[in-house]
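The file structure-v5.csv comes next; it holds CSV, C-alpha atoms.
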```csv
chain,number,residue,atom,x,y,z
A,137,MET,CA,-26.7,3.7,25.4
A,138,LYS,CA,-27.1,4.1,21.7
A,139,GLY,CA,-24.5,5.3,19.2
A,140,HIS,CA,-24.4,8.8,17.9
A,141,PHE,CA,-25.0,9.1,14.1
A,142,PRO,CA,-25.7,12.0,11.7
A,143,LEU,CA,-29.4,11.2,11.4
A,144,ASP,CA,-30.2,14.1,9.2
A,145,LYS,CA,-27.6,13.0,6.7
A,146,PHE,CA,-28.8,9.4,6.9
A,147,GLN,CA,-32.4,10.3,6.0
A,148,GLU,CA,-31.2,11.6,2.6
A,149,LYS,CA,-29.5,8.2,1.7
A,150,GLU,CA,-31.1,5.2,0.0
A,151,THR,CA,-31.0,2.3,2.4
A,152,PRO,CA,-29.4,-0.2,3.2
A,153,PHE,CA,-25.9,1.3,3.3
A,154,TYR,CA,-22.7,1.0,5.3
A,155,TYR,CA,-21.5,4.0,7.3
A,156,TYR,CA,-17.8,4.2,8.3
A,157,ASP,CA,-16.8,6.5,11.1
A,158,THR,CA,-13.4,7.6,10.0
A,159,ASP,CA,-12.7,9.5,13.2
A,160,LEU,CA,-13.0,6.2,15.1
A,161,LEU,CA,-11.0,4.4,12.4
A,162,ARG,CA,-8.1,6.9,12.7
A,163,GLU,CA,-8.2,6.7,16.5
A,164,THR,CA,-8.0,2.9,16.2
A,165,LEU,CA,-5.1,3.2,13.9
A,166,ARG,CA,-3.3,5.6,16.2
A,167,ALA,CA,-3.8,3.1,19.1
A,168,ILE,CA,-2.3,0.3,16.9
A,169,ASN,CA,0.7,2.3,15.9
A,170,ARG,CA,1.2,3.6,19.5
A,171,GLU,CA,1.2,0.2,21.1
A,172,ALA,CA,3.1,-1.6,18.4
A,173,SER,CA,5.9,1.0,18.4
A,174,LYS,CA,6.6,0.3,22.1
A,175,HIS,CA,8.1,-2.9,20.9
A,176,GLU,CA,11.2,-3.1,18.7
A,177,ARG,CA,10.7,-4.7,15.3
A,178,PHE,CA,6.9,-5.1,15.4
A,179,VAL,CA,5.4,-4.6,11.9
A,180,VAL,CA,1.6,-4.5,11.4
A,181,HIS,CA,-0.2,-5.4,8.2
A,182,TYR,CA,-4.0,-4.9,7.6
A,183,ALA,CA,-5.9,-8.0,6.5
A,184,ILE,CA,-7.7,-6.7,3.4
A,185,LYS,CA,-10.3,-9.5,3.5
A,186,ALA,CA,-12.0,-7.8,6.5
A,187,ASN,CA,-13.0,-4.7,4.4
A,188,ALA,CA,-11.8,-3.6,1.0
A,189,ASN,CA,-13.8,-0.4,0.7
A,190,ALA,CA,-11.4,1.8,-1.3
A,191,LYS,CA,-12.0,4.8,1.0
A,192,VAL,CA,-11.4,2.8,4.1
A,193,LEU,CA,-8.3,1.2,2.6
A,194,ASN,CA,-6.9,4.7,1.8
A,195,VAL,CA,-7.2,5.8,5.4
A,196,ILE,CA,-5.4,2.6,6.6
A,197,ALA,CA,-2.6,3.0,4.1
A,198,GLN,CA,-2.1,6.6,5.1
A,199,ALA,CA,-1.5,5.3,8.7
A,200,GLY,CA,1.5,3.4,7.4
A,201,LEU,CA,0.2,-0.2,7.9
A,202,GLY,CA,1.2,-2.9,5.4
A,203,ALA,CA,-1.3,-5.1,3.6
A,204,ASP,CA,-2.2,-8.8,4.1
A,205,CYS,CA,-3.8,-10.2,0.9
A,206,VAL,CA,-5.4,-13.5,0.1
A,207,SER,CA,-6.1,-12.9,-3.6
A,208,GLY,CA,-4.8,-11.1,-6.7
A,209,GLY,CA,-7.8,-8.8,-6.5
A,210,GLU,CA,-6.8,-7.8,-3.0
A,211,ILE,CA,-3.2,-7.1,-4.2
A,212,ARG,CA,-4.6,-4.8,-6.8
A,213,ALA,CA,-6.9,-3.1,-4.3
A,214,SER,CA,-4.0,-2.6,-1.9
A,215,LEU,CA,-1.8,-1.0,-4.5
A,216,ALA,CA,-4.6,1.2,-5.8
A,217,SER,CA,-5.2,2.5,-2.3
A,218,GLY,CA,-1.6,3.4,-1.6
A,219,PHE,CA,-0.1,0.4,0.1
A,220,PRO,CA,3.5,0.0,-1.1
A,221,SER,CA,4.3,-3.4,-2.6
A,222,SER,CA,7.2,-3.7,-0.2
A,223,LYS,CA,4.7,-4.0,2.6
A,224,ILE,CA,2.3,-6.6,1.0
A,225,VAL,CA,2.2,-10.2,2.1
A,226,TYR,CA,0.2,-12.7,0.1
A,227,ALA,CA,-1.4,-15.7,1.8
A,228,GLY,CA,-4.0,-18.3,0.8
A,229,VAL,CA,-4.3,-22.0,0.2
A,230,GLY,CA,-5.2,-21.7,-3.5
A,231,LYS,CA,-3.1,-19.1,-5.3
A,232,SER,CA,-3.8,-19.2,-9.1
A,233,ASP,CA,-0.9,-18.8,-11.6
A,234,TRP,CA,-2.0,-15.3,-12.6
A,235,GLU,CA,-2.1,-14.2,-8.9
A,236,ILE,CA,1.4,-15.5,-8.3
A,237,ILE,CA,2.7,-13.8,-11.4
A,238,LEU,CA,1.0,-10.5,-10.3
A,239,GLY,CA,2.8,-10.8,-6.9
A,240,LEU,CA,6.1,-11.4,-8.7
A,241,GLU,CA,5.7,-8.6,-11.2
A,242,LYS,CA,4.8,-6.1,-8.3
A,243,ASN,CA,7.7,-7.4,-6.2
A,244,ILE,CA,5.6,-7.9,-3.1
A,245,PHE,CA,7.4,-8.4,0.2
A,246,CYS,CA,6.5,-12.1,0.7
A,247,PHE,CA,4.3,-15.1,-0.3
A,248,ASN,CA,3.0,-17.0,2.7
A,249,VAL,CA,3.2,-20.6,1.3
A,250,GLU,CA,0.9,-23.4,2.4
A,251,SER,CA,2.2,-26.5,0.6
A,252,VAL,CA,5.1,-28.1,-1.3
A,253,ALA,CA,2.9,-28.1,-4.4
A,254,GLU,CA,2.5,-24.4,-4.1
A,255,LEU,CA,6.2,-23.9,-3.6
A,256,GLU,CA,7.0,-25.8,-6.7
A,257,VAL,CA,4.6,-23.6,-8.8
A,258,ILE,CA,6.0,-20.4,-7.3
A,259,ASN,CA,9.6,-21.6,-8.0
A,260,LEU,CA,8.6,-22.5,-11.6
A,261,LEU,CA,6.8,-19.2,-12.3
A,262,ALA,CA,9.5,-17.1,-10.7
A,263,GLY,CA,12.1,-18.8,-12.8
A,264,GLN,CA,10.1,-18.1,-16.0
A,265,HIS,CA,9.9,-14.4,-15.0
A,266,GLY,CA,13.5,-14.0,-13.9
A,267,LYS,CA,12.6,-13.5,-10.3
A,268,VAL,CA,13.4,-14.9,-6.9
A,269,ALA,CA,10.3,-15.0,-4.8
A,270,ARG,CA,10.5,-14.3,-1.0
A,271,VAL,CA,8.5,-16.9,0.9
A,272,ALA,CA,7.4,-17.7,4.4
A,273,LEU,CA,6.1,-21.1,5.2
A,274,ARG,CA,2.7,-21.2,6.9
A,275,ILE,CA,3.0,-23.7,9.6
A,276,ASN,CA,-0.1,-25.3,11.2
A,277,PRO,CA,0.8,-25.1,14.9
A,278,ASP,CA,-2.1,-27.3,16.1
A,279,VAL,CA,-3.1,-24.7,18.6
A,280,GLY,CA,-6.8,-24.2,19.4
A,281,ALA,CA,-8.5,-20.9,19.9
A,282,HIS,CA,-11.5,-20.0,22.0
A,283,THR,CA,-13.7,-18.8,19.2
A,284,HIS,CA,-16.3,-20.1,16.7
A,285,ALA,CA,-15.5,-23.4,15.0
A,286,LYS,CA,-16.0,-21.8,11.6
A,287,ILE,CA,-13.2,-19.3,12.2
A,288,THR,CA,-10.5,-21.5,13.8
A,289,THR,CA,-7.5,-22.0,11.4
A,290,GLY,CA,-4.7,-23.4,13.5
A,291,LEU,CA,-5.8,-27.0,14.3
A,292,ALA,CA,-4.4,-30.0,12.6
A,293,GLU,CA,-7.8,-30.8,11.1
A,294,ASN,CA,-8.0,-27.4,9.3
A,295,LYS,CA,-7.1,-27.0,5.6
A,296,PHE,CA,-4.5,-24.3,6.3
A,297,GLY,CA,-0.7,-24.6,6.5
A,298,ILE,CA,2.0,-27.2,6.6
A,299,ALA,CA,2.1,-29.8,9.4
A,300,MET,CA,4.7,-29.2,12.1
A,301,ASN,CA,6.2,-32.6,11.5
A,302,ASP,CA,6.8,-31.7,7.8
A,303,MET,CA,8.4,-28.4,8.5
A,304,GLU,CA,12.1,-29.4,8.4
A,305,GLY,CA,11.6,-31.4,5.2
A,306,VAL,CA,9.8,-28.5,3.5
A,307,ILE,CA,12.6,-26.1,4.5
A,308,GLU,CA,15.1,-28.5,2.9
A,309,THR,CA,12.9,-28.5,-0.3
A,310,VAL,CA,12.9,-24.6,-0.3
A,311,ASN,CA,16.6,-24.4,0.1
A,312,SER,CA,17.1,-26.7,-2.9
A,313,MET,CA,15.1,-24.4,-5.2
A,314,LYS,CA,16.8,-21.7,-7.2
A,315,ASN,CA,13.9,-19.2,-7.5
A,316,VAL,CA,12.5,-19.0,-4.0
A,317,GLU,CA,14.2,-17.5,-0.9
A,318,LEU,CA,12.9,-18.6,2.6
A,319,ILE,CA,12.6,-15.5,4.8
A,320,GLY,CA,10.0,-16.4,7.4
A,321,LEU,CA,7.5,-18.6,9.2
A,322,HIS,CA,3.9,-17.7,9.2
A,323,PHE,CA,1.2,-18.7,11.7
A,324,HIS,CA,-2.5,-17.9,12.2
A,325,ILE,CA,-4.8,-19.7,14.7
A,326,GLY,CA,-8.1,-18.1,14.1
A,327,SER,CA,-10.3,-15.0,14.4
A,328,GLN,CA,-12.3,-13.1,17.1
A,329,ILE,CA,-10.0,-14.3,19.9
A,330,LEU,CA,-10.3,-12.4,23.2
A,331,ASP,CA,-8.4,-14.8,25.4
A,332,MET,CA,-4.7,-13.7,25.4
A,333,GLY,CA,-3.9,-17.2,26.6
A,334,ASP,CA,-4.5,-18.4,23.1
A,335,PHE,CA,-1.9,-16.1,21.7
A,336,ALA,CA,0.5,-17.1,24.6
A,337,ALA,CA,0.0,-20.7,23.6
A,338,LEU,CA,1.0,-19.9,20.0
A,339,CYS,CA,4.1,-18.1,21.3
A,340,ASN,CA,5.1,-21.2,23.2
A,341,ARG,CA,4.6,-23.4,20.2
A,342,ILE,CA,6.7,-21.0,18.0
A,343,ASN,CA,9.4,-21.0,20.7
A,344,ASP,CA,9.6,-24.8,20.6
A,345,LEU,CA,9.8,-24.8,16.8
A,346,GLN,CA,12.5,-22.2,16.8
A,347,LYS,CA,14.5,-24.3,19.2
A,348,GLN,CA,14.1,-27.3,16.9
A,349,LEU,CA,15.4,-25.2,14.0
A,350,SER,CA,18.3,-23.8,16.0
A,351,LEU,CA,19.5,-27.4,16.5
A,352,LYS,CA,19.8,-27.7,12.8
A,353,ASN,CA,21.4,-24.3,12.5
A,354,ILE,CA,18.4,-22.9,10.5
A,355,ARG,CA,17.9,-19.2,11.0
A,356,ILE,CA,14.6,-17.4,10.1
A,357,GLN,CA,14.5,-13.7,9.6
A,358,HIS,CA,10.8,-13.0,9.9
A,359,ILE,CA,8.1,-14.5,12.2
A,360,ASN,CA,4.5,-13.7,11.2
A,361,VAL,CA,1.8,-14.5,13.8
A,362,GLY,CA,-1.2,-13.6,11.7
A,363,GLY,CA,-4.0,-11.7,13.4
A,364,GLY,CA,-7.1,-12.9,15.3
A,365,LEU,CA,-7.6,-10.2,17.9
A,366,GLY,CA,-11.4,-9.9,18.6
A,367,ILE,CA,-13.6,-7.0,19.4
A,368,ASP,CA,-16.5,-6.4,21.8
A,369,TYR,CA,-19.6,-6.9,19.7
A,370,PHE,CA,-21.9,-6.5,22.8
A,371,HIS,CA,-20.6,-3.0,23.8
A,372,PRO,CA,-19.5,-1.1,20.7
A,373,ASN,CA,-20.1,2.3,22.5
A,374,ARG,CA,-18.3,1.4,25.7
A,375,VAL,CA,-15.4,-0.5,24.1
A,376,PRO,CA,-14.9,1.0,20.6
A,377,ILE,CA,-11.2,0.2,20.4
A,378,PRO,CA,-9.8,-3.3,21.1
A,379,ASP,CA,-7.2,-4.0,23.8
A,380,PHE,CA,-4.1,-3.6,21.5
A,381,LYS,CA,-1.9,-3.1,24.5
A,382,SER,CA,-2.5,-6.5,26.0
A,383,TYR,CA,-2.3,-8.1,22.5
A,384,PHE,CA,1.1,-6.7,21.7
A,385,ASP,CA,2.4,-7.1,25.2
A,386,THR,CA,1.4,-10.8,25.2
A,387,TYR,CA,3.7,-11.4,22.2
A,388,ALA,CA,6.5,-9.2,23.7
A,389,ARG,CA,6.3,-11.2,26.9
A,390,HIS,CA,6.0,-14.7,25.6
A,391,LEU,CA,7.6,-14.9,22.2
A,392,LYS,CA,11.4,-15.3,22.3
A,393,LEU,CA,12.4,-13.4,19.2
A,394,ARG,CA,16.0,-13.6,18.1
A,395,PRO,CA,17.9,-10.3,17.9
A,396,GLU,CA,17.8,-10.3,14.1
A,397,GLN,CA,14.1,-11.2,13.8
A,398,THR,CA,11.1,-9.0,12.9
A,399,LEU,CA,7.6,-9.9,14.1
A,400,HIS,CA,4.7,-9.4,11.7
A,401,PHE,CA,1.0,-9.1,12.6
A,402,GLU,CA,-2.0,-9.3,10.2
A,403,LEU,CA,-4.9,-7.5,12.0
A,404,GLY,CA,-8.2,-7.2,10.2
A,405,ARG,CA,-11.4,-7.3,12.3
A,406,ALA,CA,-9.7,-5.4,15.2
A,407,VAL,CA,-8.9,-2.5,12.8
A,408,VAL,CA,-12.2,-1.9,11.1
A,409,ALA,CA,-15.1,-3.7,12.8
A,410,GLN,CA,-16.2,-1.1,15.3
A,411,CYS,CA,-16.1,1.8,12.8
A,412,GLY,CA,-18.6,0.3,10.5
A,413,THR,CA,-22.4,0.2,10.9
A,414,LEU,CA,-25.1,-1.2,8.5
A,415,ILE,CA,-28.0,1.2,8.3
A,416,ALA,CA,-31.4,-0.1,7.3
A,417,ARG,CA,-34.9,1.2,7.2
A,418,THR,CA,-37.9,-0.4,8.7
A,419,LEU,CA,-40.4,-1.6,6.1
A,420,TYR,CA,-43.0,-3.1,8.4
A,421,VAL,CA,-43.7,-4.0,12.0
A,422,LYS,CA,-45.6,-7.3,11.8
A,423,GLN,CA,-47.6,-8.8,14.7
A,424,GLY,CA,-47.2,-12.6,14.7
A,425,ALA,CA,-49.0,-15.1,16.8
A,426,THR,CA,-46.7,-14.7,19.8
A,427,LYS,CA,-44.1,-12.1,18.8
A,428,GLN,CA,-43.6,-8.9,16.9
A,429,PHE,CA,-41.3,-8.7,13.8
A,430,VAL,CA,-39.4,-5.7,12.7
A,431,ILE,CA,-38.9,-6.3,8.9
A,432,VAL,CA,-36.1,-4.1,7.5
A,433,ASP,CA,-34.8,-3.5,4.0
A,434,ALA,CA,-31.4,-5.0,4.7
A,435,GLY,CA,-30.9,-8.8,4.6
A,436,MET,CA,-28.4,-11.5,4.8
A,437,THR,CA,-27.2,-10.3,1.4
A,438,ASP,CA,-26.0,-7.2,3.1
A,439,LEU,CA,-24.7,-8.7,6.3
A,440,ILE,CA,-24.4,-12.4,6.2
A,441,ARG,CA,-22.6,-13.1,9.6
A,442,PRO,CA,-25.8,-13.7,11.7
A,443,ALA,CA,-27.1,-16.2,9.1
A,444,LEU,CA,-23.7,-17.8,8.5
A,445,TYR,CA,-22.2,-17.9,12.0
A,446,GLN,CA,-25.1,-17.1,14.2
A,447,ALA,CA,-23.0,-14.0,15.0
A,448,TYR,CA,-24.3,-11.3,17.3
A,449,HIS,CA,-24.5,-7.7,16.3
A,450,LYS,CA,-25.9,-5.0,18.6
A,451,ILE,CA,-29.1,-3.7,17.0
A,452,GLU,CA,-30.3,-0.1,17.7
A,453,ASN,CA,-33.3,1.9,16.5
A,454,ILE,CA,-31.5,5.2,16.1
A,455,SER,CA,-34.5,7.3,15.1
A,456,SER,CA,-36.8,6.5,18.1
A,457,ASP,CA,-36.6,7.5,21.8
A,458,GLU,CA,-39.9,5.8,22.7
A,459,SER,CA,-40.2,3.1,25.4
A,460,ILE,CA,-38.6,-0.3,24.8
A,461,SER,CA,-40.4,-3.2,23.1
A,462,THR,CA,-39.2,-6.6,22.1
A,463,TYR,CA,-38.9,-7.8,18.5
A,464,ASP,CA,-37.4,-10.3,16.1
A,465,VAL,CA,-35.5,-8.3,13.6
A,466,VAL,CA,-35.5,-9.9,10.1
A,467,GLY,CA,-34.8,-9.1,6.5
A,468,PRO,CA,-36.6,-9.5,3.2
A,469,ILE,CA,-34.7,-12.4,1.7
A,470,CYS,CA,-36.6,-15.6,0.9
A,471,GLU,CA,-34.7,-17.7,3.4
A,472,SER,CA,-35.7,-18.7,7.0
A,473,SER,CA,-32.1,-17.9,8.1
A,474,ASP,CA,-32.5,-14.2,7.1
A,475,VAL,CA,-32.7,-13.2,10.8
A,476,PHE,CA,-30.6,-10.6,12.4
A,477,GLY,CA,-31.7,-11.1,16.0
A,478,LYS,CA,-34.4,-12.7,18.1
A,479,SER,CA,-36.1,-11.1,21.1
A,480,VAL,CA,-34.2,-7.9,20.6
A,481,ASP,CA,-35.1,-5.0,22.8
A,482,LEU,CA,-35.5,-1.8,20.7
A,483,ASN,CA,-37.1,1.6,21.2
A,484,THR,CA,-40.7,1.2,20.0
A,485,THR,CA,-40.3,0.9,16.2
A,486,ARG,CA,-42.5,2.1,13.4
A,487,ARG,CA,-42.3,2.0,9.6
A,488,GLY,CA,-39.6,4.3,8.3
A,489,ASP,CA,-37.4,4.1,11.5
A,490,LEU,CA,-33.7,3.7,10.9
A,491,ILE,CA,-32.1,0.6,12.4
A,492,ALA,CA,-28.3,0.3,13.0
A,493,PHE,CA,-26.5,-3.0,13.0
A,494,ARG,CA,-23.3,-2.2,14.9
A,495,SER,CA,-19.7,-3.5,14.7
A,496,ALA,CA,-20.3,-4.4,11.0
A,497,GLY,CA,-17.1,-2.9,9.5
A,498,ALA,CA,-15.4,-6.3,9.2
A,499,TYR,CA,-16.9,-9.1,7.0
A,500,GLY,CA,-20.0,-7.0,6.3
A,501,GLU,CA,-19.8,-5.0,3.1
A,502,ILE,CA,-17.1,-7.2,1.7
A,503,MET,CA,-19.2,-10.4,2.0
A,504,ALA,CA,-22.3,-8.8,0.5
A,505,SER,CA,-24.0,-10.7,-2.4
A,506,GLN,CA,-26.7,-10.1,-5.0
A,507,TYR,CA,-28.8,-13.1,-4.1
A,508,ASN,CA,-32.5,-12.4,-5.0
A,509,CYS,CA,-31.1,-10.0,-7.6
A,510,ARG,CA,-30.6,-7.4,-4.9
A,511,LYS,CA,-28.3,-4.4,-5.3
A,512,LEU,CA,-25.0,-4.4,-3.4
A,513,PRO,CA,-25.0,-1.9,-0.4
A,514,ILE,CA,-23.0,1.3,-0.9
A,515,GLY,CA,-20.4,2.3,1.7
A,516,TYR,CA,-20.0,5.9,2.9
A,517,ILE,CA,-17.3,7.4,5.1
A,518,THR,CA,-17.8,10.3,7.4
A,519,GLU,CA,-16.3,12.9,5.0
A,520,GLU,CA,-18.9,12.0,2.3
A,521,LEU,CA,-22.0,12.8,4.4
```
So, in terms of C-alpha cells, how does the structure I just supplied come out?
Amino acid sequence: MKGHFPLDKFQEKETPFYYYDTDLLRETLRAINREASKHERFVVHYAIKANANAKVLNVIAQAGLGADCVSGGEIRASLASGFPSSKIVYAGVGKSDWEIILGLEKNIFCFNVESVAELEVINLLAGQHGKVARVALRINPDVGAHTHAKITTGLAENKFGIAMNDMEGVIETVNSMKNVELIGLHFHIGSQILDMGDFAALCNRINDLQKQLSLKNIRIQHINVGGGLGIDYFHPNRVPIPDFKSYFDTYARHLKLRPEQTLHFELGRAVVAQCGTLIARTLYVKQGATKQFVIVDAGMTDLIRPALYQAYHKIENISSDESISTYDVVGPICESSDVFGKSVDLNTTRRGDLIAFRSAGAYGEIMASQYNCRKLPIGYITEEL
C-alpha cells in the first residue's frame, strides 16, 4: 500500500523537496494531548532538533506544547514560532555564553545542566545579569536502550549528563550558589525506542534516586524524562501515529511521582517523523552488471540518515502503477555511501517518476547540508500546495 499524495501539485515543484502533511501532524498532536491529559501533571515539550521548519513549528506551538531546545538558535526559532518562553527548556552539553545569556534574557523555564563547570558559568552569567537561573540536573542513569548505538544517550560511557554517584555532591554545589535555583532532575536514554521496558527501567532508576534524595530530605519539583519514543518506519501508512497511550501509561504505572511533582517529556521524532516525506525525481534508471539502479535527484545532503545510521526509510514510486521491479535507489552525491536503499521493490520506474522517502519528518530537512555545493531542500506544508 502506497501513501496518498497530491501528485498534480508535486509535478509543479522543483525537486527534491520536503512535504509535510499537516492534517496528520495535527492528528498526532491531538493524540499526544489526549493521552497526556489523562494523567495529572504531565507536560509535553517538542524537541526542536527533530524539525525546525518554521511552518511546522507554528502548528506544534498552536497545539500548546512547550519547546525543548539544544541551542540558542533553537530558542530563537521557538520564540519566533509562538512557543512561550515559560515553556522552553534548554539542554545540551556545550552551551556557549551568548546562548546562556539569551536564555536568561528571555526568562526561559529551565536550563538542563550537564556538568559542574556549566553550573559555574550559568551562576556567573546570571549574577552579572541580575538573574536567578532555574536549572535541572541532567543525570546519566546508566540505562541502556534497545536502539541504534549512535542514538543511545543514557549509558555511563556516553558524553551526556552527570554521573549518578556525583548527583548528591552536585546538588550541594547548586544549593551553595546564589544565582541558580535547582528545580528538577532531567534524564534521556536515547531515541527511536519501541520497547516500553526501556522506559520502565528508567522509571525504576529514577525511583531509586528519589528514595536516595528523600533520605537526605532533598525535594525535587520537576522530573524530566526526555523523549525517545520511536515510530514505525516500515509501515508509515498502517501505523502513522505512534503508541502514545502505552508510552504515557508506562510512566504513569512505573514512575512514583511525589504529589507535588510535575513530569516533563521531550518528544521529537514521535511528533513529526511520519508527517514528513522527501520527494525526489528519477534522473536515470541504470542497468548495472547484476542490478538496476534508480538514480534520483535527492542525495545524502537532503536525507543523511541512511548514510549516517544505515537507517531504513520506506521508498515508494508514487507516480507509477506498473508491475514491481527491484532496484538499488541512490543519489547523485560523489560518495559511495550516498545510497537510500538496496534491493528495493518499486513499481517499474522510469526517468521523471516521483520517488517518496517516507517517515522523513524528523532529522531530515533539519540535517540537510550543502555538500557538493547543492541547494538546501525546500519544505512545504499541505496548505501551501
Next on the checklist: Counting only C-alpha atoms, which residues have an atom no more than 12 Å from (-11.4, -6.4, 6.5) in the file's coordinates? Please list them as a PyMOL selection string.
Outcome noted: chain A and resi 181-190+192-193+196+203-206+210+214+327+363-364+402-412+496-503
Checklist entry - Hey, can you check how far CA of Cys339 (chain A) sits from CA of Arg170 (chain A)? => result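 So the two atoms, CA of Cys339 (chain A) and CA of Arg170 (chain A), lie 22.0 Å apart.
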Item to check | Near-Val249 (chain A) list (6 Å; all atoms listed in the file; drop same-chain fewer than 3 positions) as a ChimeraX atom specification | outcome: /A:272-274
Item to check | Residue among A:Leu165, A:Leu255, A:Leu318, A:Ile325 lying closest to Asp278 (chain A), counting all atoms listed in the file | outcome: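 Of A:Leu165, A:Leu255, A:Leu318, A:Ile325, the one nearest Asp278 (chain A), counting all atoms listed in the file, is A:Ile325.
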Checklist entry - Do you know which residues are at most 12 Å from Asn243 (chain A) counting only C-alpha atoms, after dropping those on the same chain fewer than 3 positions away, and could you put them as a ChimeraX atom specification? => result /A:211,215,220-226,236-240,246-247,262,265-271
Next on the checklist: Which residue is closest to His400 (chain A)? Choose from A:Gly305, A:Gly326, A:Gly424, A:Gly202 and count all atoms listed in the file.
Outcome noted: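 Answer, going by the shortest atom-to-atom distance: A:Gly202.
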Next on the checklist: Rounded to one decimal, what separation in Å do you get between CA of His175 (chain A) and CA of Ser217 (chain A)?
Outcome noted: 27.3 Å
Checklist entry - Of the candidates A:Tyr516, A:Phe323, A:Tyr463, A:Tyr507, which one gets nearest to Asp438 (chain A) if we count only C-alpha atoms? => result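 Closest candidate: A:Tyr507.
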Item to check | Non-local contacts of region 367-370 of chain A (9 Å; only C-alpha atoms; under 5 positions in same chain excluded) as a PyMOL selection string | outcome: chain A and resi 328-330+375-379+405-406+409-410+448-450+494-495
Item to check | Which residue of A:Glu304, A:Glu150, A:Asp159, A:Asp464 approaches Thr518 (chain A) most closely, using all atoms listed in the file | outcome: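 Ranking A:Glu304, A:Glu150, A:Asp159, A:Asp464 by distance to Thr518 (chain A), first place goes to A:Asp159.
Residue nearest Val361 (chain A) within the list A:Arg394, A:Lys191, A:Arg486, A:His324: A:His324 [criterion: smallest interatomic distance, only C-alpha atoms].
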Checklist entry - A:Ile359, A:Met303, A:Met332, A:Ile517: which is nearest Val179 (chain A), counting all atoms listed in the file? => result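 Counting all atoms listed in the file, the residue closest to Val179 (chain A) is A:Ile359.
Interatomic distance, CA of Gly208 (chain A) against CA of Ile514 (chain A): 22.8 Å.
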Residues at most 6 Å from region 417-420 of chain A, counting only C-alpha atoms, excluding those fewer than 3 positions away in the same chain, as an mmCIF file with C-alpha atoms, in the coordinates of the input?
```cif
data_model
loop_
_atom_site.group_PDB
_atom_site.id
_atom_site.type_symbol
_atom_site.label_atom_id
_atom_site.label_comp_id
_atom_site.auth_asym_id
_atom_site.auth_seq_id
_atom_site.Cartn_x
_atom_site.Cartn_y
_atom_site.Cartn_z
ATOM 1 C CA ILE A 431 -38.900 -6.300 8.900
ATOM 2 C CA VAL A 432 -36.100 -4.100 7.500
ATOM 3 C CA ASP A 433 -34.800 -3.500 4.000
ATOM 4 C CA ARG A 487 -42.300 2.000 9.600
ATOM 5 C CA GLY A 488 -39.600 4.300 8.300
ATOM 6 C CA ASP A 489 -37.400 4.100 11.500
ATOM 7 C CA LEU A 490 -33.700 3.700 10.900
ATOM 8 C CA ILE A 491 -32.100 0.600 12.400
#
```
Next on the checklist: For region 452-461 of chain A, find every residue with an atom within 12 Å (counting only C-alpha atoms), except residues of its own chain fewer than 6 positions away, and show them as a PyMOL selection string.
Outcome noted: chain A and resi 137-144+146-147+370-373+413-418+421+427-430+432+476-477+479-495
